[in-house]
file model.txt (compact mmCIF, C-alpha atoms)
# COMPACT_ATOMS: atom_id res chain seq x y z
CA SER A 1 13.35 -7.30 -12.42
CA PRO A 2 10.38 -9.14 -10.90
CA PRO A 3 7.99 -7.14 -8.70
CA ASN A 4 8.67 -7.31 -4.97
CA ILE A 5 5.16 -8.15 -3.80
CA GLY A 6 6.42 -8.98 -0.30
CA ARG A 7 7.72 -5.44 0.14
CA ALA A 8 4.49 -4.04 -1.26
CA TYR A 9 2.51 -6.10 1.28
CA ASP A 10 4.64 -4.67 4.09
CA LEU A 11 3.75 -1.11 2.99
CA PHE A 12 0.03 -1.66 3.55
CA SER A 13 -1.55 -0.60 6.84
CA ARG A 14 -2.26 -3.20 9.53
CA ALA A 15 -5.95 -3.09 8.73
CA ARG A 16 -5.35 -3.58 5.00
CA ARG A 17 -2.87 -6.43 5.64
CA LEU A 18 -5.49 -8.13 7.80
CA ALA A 19 -8.09 -7.79 5.02
CA ILE A 20 -5.62 -9.16 2.44
CA THR A 21 -4.78 -12.08 4.73
CA GLU A 22 -8.45 -12.87 5.36
CA ALA A 23 -9.14 -12.80 1.61
CA ALA A 24 -6.33 -15.33 1.08
CA MET A 25 -7.87 -17.86 3.51
CA ASP A 26 -9.49 -20.93 1.99
CA ASP A 27 -12.22 -20.80 4.63
CA VAL A 28 -12.82 -19.36 8.09
CA ARG A 29 -11.27 -22.41 9.78
CA GLN A 30 -7.85 -21.61 8.36
CA ALA A 31 -5.95 -19.79 11.08
CA TYR A 32 -3.30 -18.15 8.93
CA PRO A 33 -2.53 -18.89 5.27
CA PRO A 34 1.10 -19.28 4.18
CA ARG A 35 2.81 -16.00 3.20
CA GLU A 36 3.34 -17.26 -0.36
CA ILE A 37 -0.43 -17.66 -0.79
CA ILE A 38 -1.10 -14.20 0.67
CA LEU A 39 1.42 -12.60 -1.71
CA GLU A 40 0.05 -14.53 -4.68
CA LYS A 41 -3.50 -13.31 -3.90
CA LEU A 42 -2.23 -9.73 -3.42
CA GLU A 43 -0.39 -9.75 -6.74
CA GLY A 44 -3.48 -11.03 -8.53
CA ALA A 45 -5.67 -8.38 -6.90
CA LEU A 46 -3.23 -5.58 -7.76
CA ARG A 47 -2.93 -6.72 -11.37
CA GLU A 48 -6.72 -6.80 -11.67
CA SER A 49 -7.62 -3.60 -9.80
CA CYS A 50 -4.57 -1.47 -10.68
CA PRO A 51 -3.43 -2.56 -14.15
CA GLY A 52 0.11 -1.46 -14.95
CA LEU A 53 1.13 -0.90 -11.33
CA VAL A 54 2.79 -4.28 -10.75
CA GLY A 55 6.05 -4.51 -12.64
CA HIS A 56 6.09 -0.90 -13.85
CA ASP A 57 9.31 0.59 -15.22
CA ARG A 58 9.42 3.80 -13.17
CA SER A 59 7.18 6.06 -11.10
CA GLU A 60 6.84 9.71 -10.23
CA VAL A 61 4.92 11.34 -7.38
CA LEU A 62 2.94 14.14 -9.02
CA SER A 63 1.41 15.71 -5.92
CA GLY A 64 0.65 15.15 -2.27
CA LEU A 65 -2.00 16.63 -0.02
CA ALA A 66 -2.61 16.36 3.71
CA ILE A 67 -6.30 15.48 4.06
CA SER A 68 -6.43 15.52 7.84
CA GLU A 69 -4.13 15.84 10.80
CA TYR A 70 -4.36 13.94 14.06
CA ASP A 71 -7.27 15.42 16.01
CA GLY A 72 -7.03 13.27 19.12
CA VAL A 73 -9.36 10.66 17.63
CA HIS A 74 -8.72 10.14 13.91
CA LEU A 75 -5.36 9.25 12.41
CA PRO A 76 -3.85 11.66 9.87
CA GLN A 77 -4.36 10.98 6.18
CA TRP A 78 -2.56 11.94 2.98
CA ARG A 79 -3.37 11.53 -0.69
CA CYS A 80 -0.66 11.21 -3.34
CA ARG A 81 -1.04 11.17 -7.10
CA VAL A 82 1.47 8.85 -8.70
CA ARG A 83 2.19 8.29 -12.38
CA VAL A 84 3.84 5.04 -13.42
CA ALA A 85 5.46 4.23 -16.73
CA CYS A 86 4.69 0.77 -17.98
CA ALA A 87 4.98 -0.99 -21.30
CA GLY A 88 3.52 1.28 -23.97
CA GLY A 89 2.37 4.21 -21.86
CA THR A 90 1.67 5.67 -18.45
CA ARG A 91 -1.05 5.25 -15.84
CA SER A 92 -1.98 7.38 -12.85
CA TYR A 93 -3.11 6.29 -9.40
CA THR A 94 -4.20 7.96 -6.18
CA PHE A 95 -2.58 6.48 -3.10
CA HIS A 96 -4.49 6.94 0.16
CA LEU A 97 -2.02 6.95 3.06
CA THR A 98 -2.64 6.82 6.78
CA ARG A 99 -0.49 6.68 9.89
CA GLN A 100 -0.45 3.55 11.95
CA SER A 101 -0.41 5.61 15.14
CA ASP A 102 -0.06 9.30 15.84
CA PRO A 103 1.44 10.45 18.03
CA PRO A 104 3.70 7.42 18.35
CA PRO A 105 3.19 5.45 21.57
CA PRO A 106 5.76 5.99 24.30
CA THR A 107 8.95 3.99 23.98
CA ILE A 108 8.96 2.23 27.32
CA ASP A 109 9.86 -1.31 28.22
CA PHE A 110 6.65 -3.29 28.59
CA ASP A 111 6.47 -6.18 31.01
CA GLU A 112 5.86 -9.05 28.59
CA ARG A 113 4.03 -10.98 31.31
CA PHE A 114 1.19 -8.44 31.22
CA ASP A 115 1.42 -6.68 27.85
CA THR A 116 2.97 -8.25 24.79
CA GLY A 117 3.03 -4.85 23.05
CA ARG A 118 1.72 -6.42 19.85
CA ASP A 119 0.99 -2.97 18.40
CA ILE A 120 4.53 -1.80 19.11
CA ASP A 121 6.35 -3.07 16.03
CA GLY A 122 8.81 -0.31 15.17
CA PHE A 123 6.57 1.33 12.57
CA GLU A 124 4.74 3.71 14.90
CA GLY A 125 4.25 7.07 13.24
CA CYS A 126 5.06 5.71 9.75
CA TRP A 127 2.84 6.31 6.73
CA PHE A 128 1.17 3.25 5.21
CA VAL A 129 -0.95 2.61 2.14
CA ALA A 130 -4.62 2.31 3.03
CA ARG A 131 -5.80 1.92 -0.57
CA ILE A 132 -4.85 2.55 -4.19
CA VAL A 133 -7.34 3.91 -6.70
CA PRO A 134 -6.56 4.01 -10.43
CA GLU A 135 -7.51 7.34 -11.97
CA ASP A 136 -9.93 6.98 -14.90
CA GLY A 137 -10.18 3.31 -14.05
CA GLY A 138 -6.44 2.96 -14.61
CA ALA A 139 -6.94 3.72 -18.27
CA ARG A 140 -3.76 3.41 -20.26
CA VAL A 141 -2.43 6.58 -21.84
CA GLU A 142 -0.66 5.48 -24.96
CA ALA A 143 2.82 6.79 -25.54
CA PRO A 144 2.95 9.17 -28.48
CA ALA A 145 4.09 7.59 -31.72
CA PRO A 146 7.70 8.38 -32.57
CA LEU A 147 8.10 11.14 -35.10
CA GLU A 148 8.82 9.91 -38.56
CA LEU A 149 11.24 11.81 -40.74
CA VAL A 150 10.03 12.33 -44.28
CA PRO A 151 11.94 13.94 -47.14
CA ALA A 152 10.94 17.54 -47.84
call {"tool": "encode", "arguments": {"input": "model.txt", "output": "structure tokens"}}
result
Amino acid sequence: SPPNIGRAYDLFSRARRLAITEAAMDDVRQAYPPREIILEKLEGALRESCPGLVGHDRSEVLSGLAISEYDGVHLPQWRCRVRVACAGGTRSYTFHLTRQSDPPPPTIDFDERFDTGRDIDGFEGCWFVARIVPEDGGARVEAPAPLELVPA
């Protein structure tokens, strides 16, 4: 099945989505590029920087580690090691995750005349991808050759 780049885009943090969107702009005068262009640029960047990640067959989370908790100033962060199986072998990546807000903001009705609540989007307290780093440069680990039966 084709990769769902739109869903992948939605999993990035607000800050990362803004950076991806800005990178997709033709120039600074463009207010907001079409979503199709943003997703096309994201897919190209992922294929270049994380070979094997887009369109992989299956994945497995190998480990996860809390790097920091909310300290009143900094948002909590996690690191996850993920192995993906792609054509001919496997590749490993480190996913850097962060929370969009922690603790979540209060769930109160804002007066839209004074506060549009643009940061209240239903994802408060959720974990988002801040960046993806291929381990060993995303080097491909070749699948072992199938055993060949030979007469004794």
call {"tool": "atom_distance", "arguments": {"input": "model.txt", "atom1": "CA of Val61 (chain A)", "atom2": "CA of Arg16 (chain A)"}}
result
21.9 Å
call {"tool": "residues_around", "arguments": {"input": "model.txt", "residues": "Arg83 (chain A)", "least_positions_apart": "5", "cutoff": "10 Å", "atoms": "only C-alpha atoms", "output": "list in words"}}
result
Leu53, Arg58, Ser59, Glu60, Val61, Leu62, Ser63, Thr90, Arg91, Ser92, Tyr93, Thr94, Pro134 and Glu135 of chain A
call {"tool": "write_last_selection", "arguments": {"input": "model.txt", "atoms": "C-alpha atoms", "output": "mmCIF file, keeping the file's coordinate frame"}}
result
data_model
loop_
_atom_site.group_PDB
_atom_site.id
_atom_site.type_symbol
_atom_site.label_atom_id
_atom_site.label_comp_id
_atom_site.auth_asym_id
_atom_site.auth_seq_id
_atom_site.Cartn_x
_atom_site.Cartn_y
_atom_site.Cartn_z
ATOM 1 C CA LEU A 53 1.130 -0.900 -11.330
ATOM 2 C CA ARG A 58 9.420 3.800 -13.170
ATOM 3 C CA SER A 59 7.180 6.060 -11.100
ATOM 4 C CA GLU A 60 6.840 9.710 -10.230
ATOM 5 C CA VAL A 61 4.920 11.340 -7.380
ATOM 6 C CA LEU A 62 2.940 14.140 -9.020
ATOM 7 C CA SER A 63 1.410 15.710 -5.920
ATOM 8 C CA THR A 90 1.670 5.670 -18.450
ATOM 9 C CA ARG A 91 -1.050 5.250 -15.840
ATOM 10 C CA SER A 92 -1.980 7.380 -12.850
ATOM 11 C CA TYR A 93 -3.110 6.290 -9.400
ATOM 12 C CA THR A 94 -4.200 7.960 -6.180
ATOM 13 C CA PRO A 134 -6.560 4.010 -10.430
ATOM 14 C CA GLU A 135 -7.510 7.340 -11.970
#
call {"tool": "atom_distance", "arguments": {"input": "model.txt", "atom1": "CA of Ala19 (chain A)", "atom2": "CA of Arg79 (chain A)"}}
result
20.7 Å
call {"tool": "closest_residue", "arguments": {"input": "model.txt", "among": "A:Ile5, A:Cys86, A:Ile67, A:Leu11", "to": "Ile38 (chain A)", "atoms": "only C-alpha atoms"}}
result
A:Ile5
call {"tool": "residues_near_point", "arguments": {"input": "model.txt", "point": "(-2.7, 7.1, -2.9)", "cutoff": "7 Å", "atoms": "only C-alpha atoms", "output": "PyMOL selection string"}}
result
chain A and resi 79-81+93-97+129+131-133
call {"tool": "write_last_selection", "arguments": {"input": "model.txt", "atoms": "C-alpha atoms", "output": "PDB file, in the frame of the given file"}}
result
ATOM      1  CA  ARG A  79      -3.370  11.530  -0.690  1.00  0.00           C
ATOM      2  CA  CYS A  80      -0.660  11.210  -3.340  1.00  0.00           C
ATOM      3  CA  ARG A  81      -1.040  11.170  -7.100  1.00  0.00           C
ATOM      4  CA  TYR A  93      -3.110   6.290  -9.400  1.00  0.00           C
ATOM      5  CA  THR A  94      -4.200   7.960  -6.180  1.00  0.00           C
ATOM      6  CA  PHE A  95      -2.580   6.480  -3.100  1.00  0.00           C
ATOM      7  CA  HIS A  96      -4.490   6.940   0.160  1.00  0.00           C
ATOM      8  CA  LEU A  97      -2.020   6.950   3.060  1.00  0.00           C
ATOM      9  CA  VAL A 129      -0.950   2.610   2.140  1.00  0.00           C
ATOM     10  CA  ARG A 131      -5.800   1.920  -0.570  1.00  0.00           C
ATOM     11  CA  ILE A 132      -4.850   2.550  -4.190  1.00  0.00           C
ATOM     12  CA  VAL A 133      -7.340   3.910  -6.700  1.00  0.00           C
TER      13      VAL A 133
END
call {"tool": "atom_distance", "arguments": {"input": "model.txt", "atom1": "CA of Trp78 (chain A)", "atom2": "CA of Ala24 (chain A)"}}
result
27.6 Å
call {"tool": "residues_near_point", "arguments": {"input": "model.txt", "point": "(-0.9, -11.5, 12.7)", "cutoff": "10 Å", "atoms": "only C-alpha atoms", "output": "PyMOL selection string"}}
result
chain A and resi 14+17-18+21+31-32+118
call {"tool": "closest_residue", "arguments": {"input": "model.txt", "among": "A:Ala87, A:Leu149, A:Tyr70, A:Asp10", "to": "Gly52 (chain A)", "atoms": "all atoms listed in the file"}}
result
A:Ala87
call {"tool": "closest_residue", "arguments": {"input": "model.txt", "among": "A:Cys50, A:Leu75, A:Leu42, A:Val82", "to": "Tyr9 (chain A)", "atoms": "all atoms listed in the file"}}
result
A:Leu42
